[in-house]
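Structure file input.pdb (PDB, C-alpha atoms) follows.
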```
MODEL        1
ATOM      1  CA  MET A   1      92.559   5.625  45.072
ATOM      2  CA  GLN A   2      93.785   2.979  47.519
ATOM      3  CA  GLN A   3      96.111   4.266  50.192
ATOM      4  CA  LEU A   4      99.582   2.775  50.260
ATOM      5  CA  ARG A   5     100.234   0.705  53.382
ATOM      6  CA  GLU A   6     103.993   0.410  53.043
ATOM      7  CA  ILE A   7     106.612   2.446  54.891
ATOM      8  CA  ALA A   8     110.319   2.453  54.071
ATOM      9  CA  LEU A   9     112.747   2.180  56.978
ATOM     10  CA  VAL A  10     116.317   2.962  55.934
ATOM     11  CA  GLY A  11     119.578   3.996  57.519
ATOM     12  CA  ALA A  12     123.254   3.426  58.083
ATOM     13  CA  ARG A  13     125.048   0.168  57.408
ATOM     14  CA  ALA A  14     127.421   0.885  60.293
ATOM     15  CA  ALA A  15     124.550   1.185  62.734
ATOM     16  CA  THR A  16     125.009   1.680  66.448
ATOM     17  CA  GLY A  17     123.175  -0.202  69.171
ATOM     18  CA  TYR A  18     120.904   2.833  69.474
ATOM     19  CA  GLY A  19     120.052   2.753  65.765
ATOM     20  CA  GLU A  20     119.378  -0.973  65.753
ATOM     21  CA  HIS A  21     117.105  -0.635  68.786
ATOM     22  CA  ILE A  22     115.150   2.162  67.088
ATOM     23  CA  ALA A  23     114.875   0.084  63.896
ATOM     24  CA  MET A  24     113.530  -2.898  65.811
ATOM     25  CA  GLU A  25     110.956  -0.850  67.713
ATOM     26  CA  ALA A  26     109.883   1.073  64.606
ATOM     27  CA  SER A  27     109.487  -2.004  62.415
ATOM     28  CA  ALA A  28     107.588  -4.040  64.991
ATOM     29  CA  GLY A  29     105.342  -1.097  65.854
ATOM     30  CA  LEU A  30     104.481  -0.392  62.216
ATOM     31  CA  VAL A  31     103.708  -4.055  61.567
ATOM     32  CA  ASP A  32     101.337  -3.978  64.560
ATOM     33  CA  ARG A  33      99.585  -1.055  62.852
ATOM     34  CA  GLY A  34      99.108  -3.004  59.631
ATOM     35  CA  PHE A  35     102.021  -1.636  57.595
ATOM     36  CA  ALA A  36     104.451  -3.576  55.430
ATOM     37  CA  VAL A  37     108.100  -2.626  55.945
ATOM     38  CA  VAL A  38     110.199  -1.786  52.869
ATOM     39  CA  SER A  39     114.007  -1.592  52.886
ATOM     40  CA  GLY A  40     117.152  -2.562  51.015
ATOM     41  CA  ALA A  41     118.418  -5.687  52.831
ATOM     42  CA  ALA A  42     121.769  -4.066  53.651
ATOM     43  CA  TYR A  43     123.680  -4.606  56.873
ATOM     44  CA  GLY A  44     122.791  -2.392  59.806
ATOM     45  CA  ILE A  45     119.451  -0.582  59.892
ATOM     46  CA  ASP A  46     117.966  -2.307  56.814
ATOM     47  CA  GLY A  47     118.628  -5.795  58.090
ATOM     48  CA  MET A  48     117.282  -5.037  61.556
ATOM     49  CA  ALA A  49     114.091  -3.541  60.087
ATOM     50  CA  HIS A  50     113.505  -6.689  57.999
ATOM     51  CA  ARG A  51     114.234  -9.034  60.924
ATOM     52  CA  ALA A  52     111.906  -7.205  63.301
ATOM     53  CA  ALA A  53     109.093  -7.276  60.749
ATOM     54  CA  LEU A  54     109.521 -11.019  60.275
ATOM     55  CA  ALA A  55     109.686 -11.590  64.034
ATOM     56  CA  SER A  56     106.368  -9.752  64.352
ATOM     57  CA  ASP A  57     104.779 -11.964  61.663
ATOM     58  CA  GLY A  58     104.573  -8.994  59.330
ATOM     59  CA  ILE A  59     105.191  -8.463  55.638
ATOM     60  CA  THR A  60     108.506  -7.009  54.541
ATOM     61  CA  VAL A  61     109.835  -6.166  51.081
ATOM     62  CA  ALA A  62     113.512  -5.976  50.062
ATOM     63  CA  PHE A  63     114.751  -4.187  46.941
ATOM     64  CA  LEU A  64     118.079  -5.491  45.626
ATOM     65  CA  ALA A  65     120.771  -3.718  43.602
ATOM     66  CA  GLY A  66     121.359  -6.837  41.494
ATOM     67  CA  GLY A  67     119.290  -9.691  40.127
ATOM     68  CA  VAL A  68     116.889 -11.431  42.481
ATOM     69  CA  ASP A  69     118.934 -14.600  42.092
ATOM     70  CA  ARG A  70     122.038 -12.882  43.509
ATOM     71  CA  PHE A  71     121.338 -12.234  47.153
ATOM     72  CA  TYR A  72     123.493  -9.398  48.473
ATOM     73  CA  PRO A  73     125.106  -9.030  50.881
ATOM     74  CA  SER A  74     126.030 -12.690  51.117
ATOM     75  CA  GLY A  75     125.774 -12.548  54.886
ATOM     76  CA  HIS A  76     122.048 -11.967  54.486
ATOM     77  CA  ASP A  77     121.348 -15.100  52.431
ATOM     78  CA  SER A  78     119.247 -16.671  55.166
ATOM     79  CA  LEU A  79     117.450 -13.387  55.898
ATOM     80  CA  LEU A  80     116.560 -12.866  52.236
ATOM     81  CA  THR A  81     115.354 -16.460  51.991
ATOM     82  CA  ARG A  82     112.984 -15.767  54.881
ATOM     83  CA  ILE A  83     111.805 -12.552  53.212
ATOM     84  CA  VAL A  84     111.002 -14.500  50.025
ATOM     85  CA  ALA A  85     108.775 -16.794  52.091
ATOM     86  CA  ALA A  86     107.010 -14.058  54.085
ATOM     87  CA  GLY A  87     107.161 -11.032  51.778
ATOM     88  CA  ALA A  88     108.955 -10.215  48.550
ATOM     89  CA  VAL A  89     112.450  -9.688  47.162
ATOM     90  CA  LEU A  90     112.339  -7.378  44.147
ATOM     91  CA  SER A  91     114.682  -5.899  41.551
ATOM     92  CA  GLU A  92     114.352  -4.044  38.257
ATOM     93  CA  LEU A  93     117.470  -5.815  36.961
ATOM     94  CA  PRO A  94     117.506  -9.173  35.157
ATOM     95  CA  CYS A  95     118.612 -12.367  36.859
ATOM     96  CA  GLY A  96     122.378 -12.656  36.966
ATOM     97  CA  ALA A  97     122.982  -8.886  37.184
ATOM     98  CA  ALA A  98     125.705  -8.053  39.693
ATOM     99  CA  PRO A  99     125.196  -5.302  42.294
ATOM    100  CA  THR A 100     127.339  -2.210  41.688
ATOM    101  CA  LYS A 101     127.697   1.115  43.471
ATOM    102  CA  TRP A 102     125.533   3.054  41.029
ATOM    103  CA  ARG A 103     122.897   0.323  41.081
ATOM    104  CA  PHE A 104     122.517   0.772  44.835
ATOM    105  CA  LEU A 105     121.759   4.446  44.270
ATOM    106  CA  GLN A 106     119.429   3.532  41.404
ATOM    107  CA  ARG A 107     117.407   1.059  43.451
ATOM    108  CA  ASN A 108     116.898   3.658  46.203
ATOM    109  CA  ARG A 109     114.313   5.400  44.052
ATOM    110  CA  LEU A 110     112.298   2.154  43.978
ATOM    111  CA  ILE A 111     112.318   1.936  47.777
ATOM    112  CA  ALA A 112     110.971   5.497  47.968
ATOM    113  CA  ALA A 113     108.399   5.001  45.196
ATOM    114  CA  ALA A 114     107.044   1.777  46.684
ATOM    115  CA  SER A 115     106.379   3.383  50.059
ATOM    116  CA  ALA A 116     103.795   5.806  51.372
ATOM    117  CA  ALA A 117     106.527   7.429  53.479
ATOM    118  CA  THR A 118     110.259   7.070  54.059
ATOM    119  CA  ILE A 119     111.815   7.133  57.526
ATOM    120  CA  VAL A 120     115.572   7.552  58.025
ATOM    121  CA  LEU A 121     116.357   5.960  61.378
ATOM    122  CA  GLU A 122     120.095   6.575  61.683
ATOM    123  CA  ALA A 123     122.417   8.042  59.067
ATOM    124  CA  GLY A 124     125.773   9.759  58.776
ATOM    125  CA  TRP A 125     126.288  13.064  57.002
ATOM    126  CA  ARG A 126     126.878  11.348  53.627
ATOM    127  CA  SER A 127     124.893   8.156  54.150
ATOM    128  CA  GLY A 128     123.389   6.494  51.080
ATOM    129  CA  SER A 129     120.033   6.513  52.858
ATOM    130  CA  LEU A 130     119.924  10.280  52.316
ATOM    131  CA  ASN A 131     119.705   9.464  48.614
ATOM    132  CA  THR A 132     116.546   7.479  49.300
ATOM    133  CA  ALA A 133     115.217  10.423  51.300
ATOM    134  CA  GLY A 134     115.887  12.715  48.348
ATOM    135  CA  HIS A 135     113.873  10.482  46.025
ATOM    136  CA  ALA A 136     110.980  10.392  48.507
ATOM    137  CA  SER A 137     110.965  14.185  48.715
ATOM    138  CA  ALA A 138     111.066  14.519  44.921
ATOM    139  CA  LEU A 139     108.045  12.210  44.672
ATOM    140  CA  GLY A 140     106.117  14.295  47.166
ATOM    141  CA  ARG A 141     106.062  11.490  49.727
ATOM    142  CA  PRO A 142     106.240  12.284  53.454
ATOM    143  CA  LEU A 143     109.755  12.118  54.881
ATOM    144  CA  GLY A 144     110.629  11.454  58.508
ATOM    145  CA  ALA A 145     113.899  11.308  60.430
ATOM    146  CA  VAL A 146     114.665   9.987  63.890
ATOM    147  CA  PRO A 147     116.921  12.258  65.966
ATOM    148  CA  GLY A 148     119.922  10.878  67.814
ATOM    149  CA  PRO A 149     122.574  12.126  70.210
ATOM    150  CA  ILE A 150     124.064  15.391  68.946
ATOM    151  CA  THR A 151     127.510  13.939  69.586
ATOM    152  CA  SER A 152     126.894  10.913  67.352
ATOM    153  CA  PRO A 153     128.188  11.197  63.767
ATOM    154  CA  THR A 154     125.855   8.349  62.786
ATOM    155  CA  SER A 155     122.859  10.600  63.458
ATOM    156  CA  ALA A 156     124.265  13.692  61.715
ATOM    157  CA  GLY A 157     122.433  12.831  58.492
ATOM    158  CA  CYS A 158     119.084  12.629  60.297
ATOM    159  CA  HIS A 159     119.654  16.009  61.906
ATOM    160  CA  ARG A 160     120.621  17.397  58.506
ATOM    161  CA  LEU A 161     117.339  16.155  57.005
ATOM    162  CA  ILE A 162     115.340  17.797  59.799
ATOM    163  CA  ARG A 163     117.232  21.090  59.643
ATOM    164  CA  GLU A 164     117.818  21.536  55.915
ATOM    165  CA  PHE A 165     115.204  19.423  54.157
ATOM    166  CA  ALA A 166     112.104  19.823  56.342
ATOM    167  CA  ALA A 167     111.932  16.160  57.342
ATOM    168  CA  VAL A 168     109.468  15.544  60.142
ATOM    169  CA  CYS A 169     111.073  14.622  63.457
ATOM    170  CA  VAL A 170     109.616  11.244  64.484
ATOM    171  CA  THR A 171     110.443   9.317  67.638
ATOM    172  CA  ASN A 172     108.061   6.328  67.713
ATOM    173  CA  PRO A 173     105.898   4.146  65.450
ATOM    174  CA  THR A 174     102.780   6.195  66.168
ATOM    175  CA  GLU A 175     104.391   9.369  64.840
ATOM    176  CA  MET A 176     105.728   7.465  61.840
ATOM    177  CA  ALA A 177     102.269   6.119  61.003
ATOM    178  CA  GLU A 178     100.818   9.624  61.284
ATOM    179  CA  LEU A 179     103.013  10.713  58.371
ATOM    180  CA  VAL A 180     100.789   8.749  56.017
ATOM    181  CA  GLY A 181      97.540   9.634  57.715
ATOM    182  CA  GLU A 182      96.860   6.543  59.776
ATOM    183  CA  ARG A 183      94.307   8.682  61.565
ATOM    184  CA  SER A 184      92.689   9.507  58.222
ATOM    185  CA  ILE A 185      89.088  10.678  58.042
ATOM    186  CA  GLN A 186      86.788   9.931  55.158
ATOM    187  CA  VAL A 187      85.698  13.400  54.002
ATOM    188  CA  PRO A 188      84.660  14.037  50.365
ATOM    189  CA  LEU A 189      86.137  16.979  48.496
ATOM    190  CA  ASP A 190      83.723  19.588  47.229
ATOM    191  CA  PHE A 191      83.881  19.016  43.478
ATOM    192  CA  SER A 192      81.687  21.067  41.184
ATOM    193  CA  ASP A 193      78.677  19.608  39.391
ATOM    194  CA  THR A 194      80.688  19.480  36.183
ATOM    195  CA  ASP A 195      83.124  16.963  37.636
ATOM    196  CA  ALA A 196      82.969  13.789  35.565
ATOM    197  CA  GLY A 197      84.500  11.583  38.252
ATOM    198  CA  PRO A 198      82.734   8.707  39.986
ATOM    199  CA  GLY A 199      81.732  10.845  42.980
ATOM    200  CA  PRO A 200      83.288  11.916  46.295
ATOM    201  CA  ILE A 201      86.741  10.451  46.930
ATOM    202  CA  PRO A 202      87.852   9.618  50.488
ATOM    203  CA  ARG A 203      90.663  11.871  51.701
ATOM    204  CA  THR A 204      93.080  11.905  54.590
ATOM    205  CA  SER A 205      92.832  14.718  57.105
ATOM    206  CA  ASP A 206      96.032  16.278  55.704
ATOM    207  CA  GLN A 207      94.615  16.292  52.180
ATOM    208  CA  VAL A 208      91.401  17.929  53.383
ATOM    209  CA  ARG A 209      93.343  20.655  55.191
ATOM    210  CA  VAL A 210      95.595  21.341  52.211
ATOM    211  CA  PHE A 211      92.645  21.360  49.796
ATOM    212  CA  ASP A 212      90.881  23.915  51.996
ATOM    213  CA  ALA A 213      94.024  26.066  52.004
ATOM    214  CA  LEU A 214      94.209  26.134  48.207
ATOM    215  CA  SER A 215      92.749  28.911  46.088
ATOM    216  CA  GLY A 216      90.986  28.360  42.800
ATOM    217  CA  ARG A 217      92.499  31.518  41.302
ATOM    218  CA  SER A 218      95.698  32.546  43.108
ATOM    219  CA  PRO A 219      98.626  30.081  43.063
ATOM    220  CA  ARG A 220     100.020  29.416  46.529
ATOM    221  CA  THR A 221     103.479  28.124  47.399
ATOM    222  CA  VAL A 222     104.126  25.093  49.568
ATOM    223  CA  ALA A 223     105.382  27.398  52.350
ATOM    224  CA  ASP A 224     102.168  29.450  52.181
ATOM    225  CA  LEU A 225     100.013  26.327  52.228
ATOM    226  CA  SER A 226     102.009  25.025  55.175
ATOM    227  CA  ARG A 227     101.174  28.137  57.174
ATOM    228  CA  ARG A 228      97.505  28.137  56.179
ATOM    229  CA  ALA A 229      96.968  24.416  56.817
ATOM    230  CA  GLY A 230      99.093  24.216  59.946
ATOM    231  CA  LEU A 231     101.146  21.345  58.553
ATOM    232  CA  SER A 232     104.840  20.733  57.885
ATOM    233  CA  THR A 233     106.082  21.387  54.357
ATOM    234  CA  SER A 234     106.772  17.679  53.837
ATOM    235  CA  ALA A 235     103.204  16.806  54.884
ATOM    236  CA  VAL A 236     101.879  19.458  52.479
ATOM    237  CA  ARG A 237     103.955  18.038  49.622
ATOM    238  CA  GLY A 238     102.657  14.561  50.355
ATOM    239  CA  ALA A 239      99.047  15.770  50.395
ATOM    240  CA  LEU A 240      99.544  17.761  47.179
ATOM    241  CA  GLY A 241     100.899  14.656  45.468
ATOM    242  CA  GLY A 242      97.676  12.782  46.169
ATOM    243  CA  LEU A 243      95.480  15.731  45.201
ATOM    244  CA  ASP A 244      97.422  16.171  41.971
ATOM    245  CA  LEU A 245      97.023  12.501  41.048
ATOM    246  CA  ASP A 246      93.255  12.753  41.542
ATOM    247  CA  GLY A 247      92.983  15.986  39.564
ATOM    248  CA  ALA A 248      91.968  18.077  42.571
ATOM    249  CA  ALA A 249      95.047  20.331  42.531
ATOM    250  CA  GLN A 250      97.392  21.572  39.845
ATOM    251  CA  GLU A 251     100.910  22.970  40.037
ATOM    252  CA  ARG A 252     101.640  26.153  38.125
ATOM    253  CA  GLU A 253     104.797  28.189  37.766
ATOM    254  CA  ALA A 254     103.932  30.400  40.744
ATOM    255  CA  GLY A 255     102.529  27.674  42.974
ATOM    256  CA  TRP A 256      99.556  25.355  43.456
ATOM    257  CA  VAL A 257      95.874  26.015  42.706
ATOM    258  CA  ARG A 258      92.651  24.160  43.376
ATOM    259  CA  ARG A 259      91.025  22.684  40.284
ATOM    260  CA  LEU A 260      87.357  23.557  40.293
TER     261      LEU A 260
ENDMDL
END
```
Could you render the structure as structure tokens?
Amino acid sequence: MQQLREIALVGARAATGYGEHIAMEASAGLVDRGFAVVSGAAYGIDGMAHRAALASDGITVAFLAGGVDRFYPSGHDSLLTRIVAAGAVLSELPCGAAPTKWRFLQRNRLIAAASAATIVLEAGWRSGSLNTAGHASALGRPLGAVPGPITSPTSAGCHRLIREFAAVCVTNPTEMAELVGERSIQVPLDFSDTDAGPGPIPRTSDQVRVFDALSGRSPRTVADLSRRAGLSTSAVRGALGGLDLDGAAQEREAGWVRRL
């Protein structure tokens, strides 16, 4: 299975200078590492992430809450035109569809699904970017959050993700890339002789560690696997998602088991 090389960078519309600086550094650094940057073309963090990717001659993808022929916000017409030329502007809605509040929330699931990991760079306590983070977590994709000043309300959502939702604290592009196993190693899983697959499948280091922590008989919870593998719960969920897709792990009512 081909590894996704897209990372979503999302955050507050009312971004601070700190948040915009982080977005610029994160986007440019990820492009340098061969990643495409995915976001929602909104003002603030989204727009800065797209601009930095374009400035670094990278690929960036924008998901809209309306038809692709109705660029929104209007102040980003020129930015979206540049994204069309150097990346892609996508929507699940037909041409002519107007963006609405619920459609913004709906499109957030596409941003999460199209990305190997989602990073929240700056977000208030009730920021819409937390909705994107929720979709990423539900899909078993790695979730990261950049910390900010504890006195800044625009970073309260990031701190909430780290404290309450086990998001990984990331502070630079290297740590963000590590969420999706940039330092992956090609190690085959030990399938039995009865496996009908095409042979050993390359795995990331996280997937190898989680697979080794699984039992073929006793279901183990994500928290238990996290302790055994020495990984964060979000990294374990991300690894389990890949193992599940390839038929190497299976979720049961009491937890996860290795499929032999």
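Counting only C-alpha atoms and comparing A:Asp46, A:Asp224, A:Glu122, A:Asp212, the residue that lies closest to A:Ala248 is A:Asp212.
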Please, what distance in Å, to one decimal, runs between atom CA of A:Ala12 and atom CA of A:His135? 16.8 Å
So which residues touch A:Ser127 within 10 Å, counting all atoms listed in the file, skipping near sequence neighbours fewer than 6 positions away, as a short mmCIF file (atom, residue, chain, number, x, y, z; two decimals) with C-alpha atoms, in the coordinates of the input?
```
data_model
loop_
_atom_site.label_atom_id
_atom_site.label_comp_id
_atom_site.auth_asym_id
_atom_site.auth_seq_id
_atom_site.Cartn_x
_atom_site.Cartn_y
_atom_site.Cartn_z
CA GLY A 11 119.58 4.00 57.52
CA ALA A 12 123.25 3.43 58.08
CA ARG A 13 125.05 0.17 57.41
CA ALA A 14 127.42 0.88 60.29
CA THR A 154 125.86 8.35 62.79
CA SER A 155 122.86 10.60 63.46
CA ALA A 156 124.26 13.69 61.72
CA GLY A 157 122.43 12.83 58.49
CA CYS A 158 119.08 12.63 60.30
#
```
Written as an NGL selection string, what is the full residue list that the PyMOL selection byres ((chain A and resi 145) around 8) yields on the file shown? :A and (119-122 or 143-144 or 146-147 or 158-159 or 161-162 or 167-170)
Between atom CA of A:Leu9 and atom CA of A:Ala36 - distance in Å to one decimal: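 Between atom CA of A:Ala36 and atom CA of A:Leu9 the gap works out to 10.2 Å.
Here the question is which of A:Glu175, A:Ala15, A:Val89, A:Pro219 gets nearest to A:Gly124 using only C-alpha atoms, and that residue is A:Ala15.
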Where does the PyMOL selection byres ((chain A and resi 107) around 12) land in this file, that is, which residues does it pick, as a ChimeraX atom specification? /A:39-41,62-67,90-93,99-106,108-114,128-129,131-132,135
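Among A:Gly230, A:Ser56, A:Gly96, A:Val222, the residue with the shortest atom-to-atom distance to A:Arg70, counting all atoms listed in the file, is A:Gly96.
Using only C-alpha atoms, the smallest distance between any of A:Arg160, A:Gly140, A:Arg259, A:Arg237 and A:Ala123 comes from A:Arg160.
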Straight-line distance linking atom CA of A:Ala88 with atom CA of A:Ile45, stated in Å to one decimal: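 Separation between atom CA of A:Ala88 and atom CA of A:Ile45: 18.2 Å.
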List the spatial neighbours of A:Arg258 as a list in words - criterion: any atom at most 12 Å away, all atoms listed in the file, same-chain residues fewer than 3 positions off excluded. Leu189, Asp190, Phe191, Ser192, Gln207, Val208, Val210, Phe211, Asp212, Ala213, Leu214, Ser215, Gly216, Arg217, Ser218, Pro219, Arg220, Leu225, Leu240, Leu243, Asp244, Asp246, Gly247, Ala248, Ala249, Gln250, Glu251, Arg252 and Gly255 of chain A
On this structure, the PyMOL selection byres ((chain A and resi 60) around 8) would catch which residues? List them as a PyMOL selection string, sorted by chain and number. chain A and resi 36-39+50+53-54+58-59+61-62+83+86-88
Can I get the selected residues back with C-alpha atoms, as a short mmCIF file (atom, residue, chain, number, x, y, z; two decimals), in the frame of the given file?
```cif
data_model
loop_
_atom_site.label_atom_id
_atom_site.label_comp_id
_atom_site.auth_asym_id
_atom_site.auth_seq_id
_atom_site.Cartn_x
_atom_site.Cartn_y
_atom_site.Cartn_z
CA ALA A 36 104.45 -3.58 55.43
CA VAL A 37 108.10 -2.63 55.94
CA VAL A 38 110.20 -1.79 52.87
CA SER A 39 114.01 -1.59 52.89
CA HIS A 50 113.50 -6.69 58.00
CA ALA A 53 109.09 -7.28 60.75
CA LEU A 54 109.52 -11.02 60.28
CA GLY A 58 104.57 -8.99 59.33
CA ILE A 59 105.19 -8.46 55.64
CA VAL A 61 109.84 -6.17 51.08
CA ALA A 62 113.51 -5.98 50.06
CA ILE A 83 111.80 -12.55 53.21
CA ALA A 86 107.01 -14.06 54.08
CA GLY A 87 107.16 -11.03 51.78
CA ALA A 88 108.96 -10.22 48.55
#
```
Let me make sure I understand: among A:Gly148, A:Ala23, A:Pro153, A:Ser234, which one has the smallest atom-to-atom distance to A:Gly134 if we use only C-alpha atoms? A:Ser234
Selected residue of minimal separation from A:Asp77 among A:Ala133, A:Ala42, A:Ile22, A:Val10, counting all atoms listed in the file: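 Among the listed residues, the smallest separation from A:Asp77 belongs to A:Ala42.
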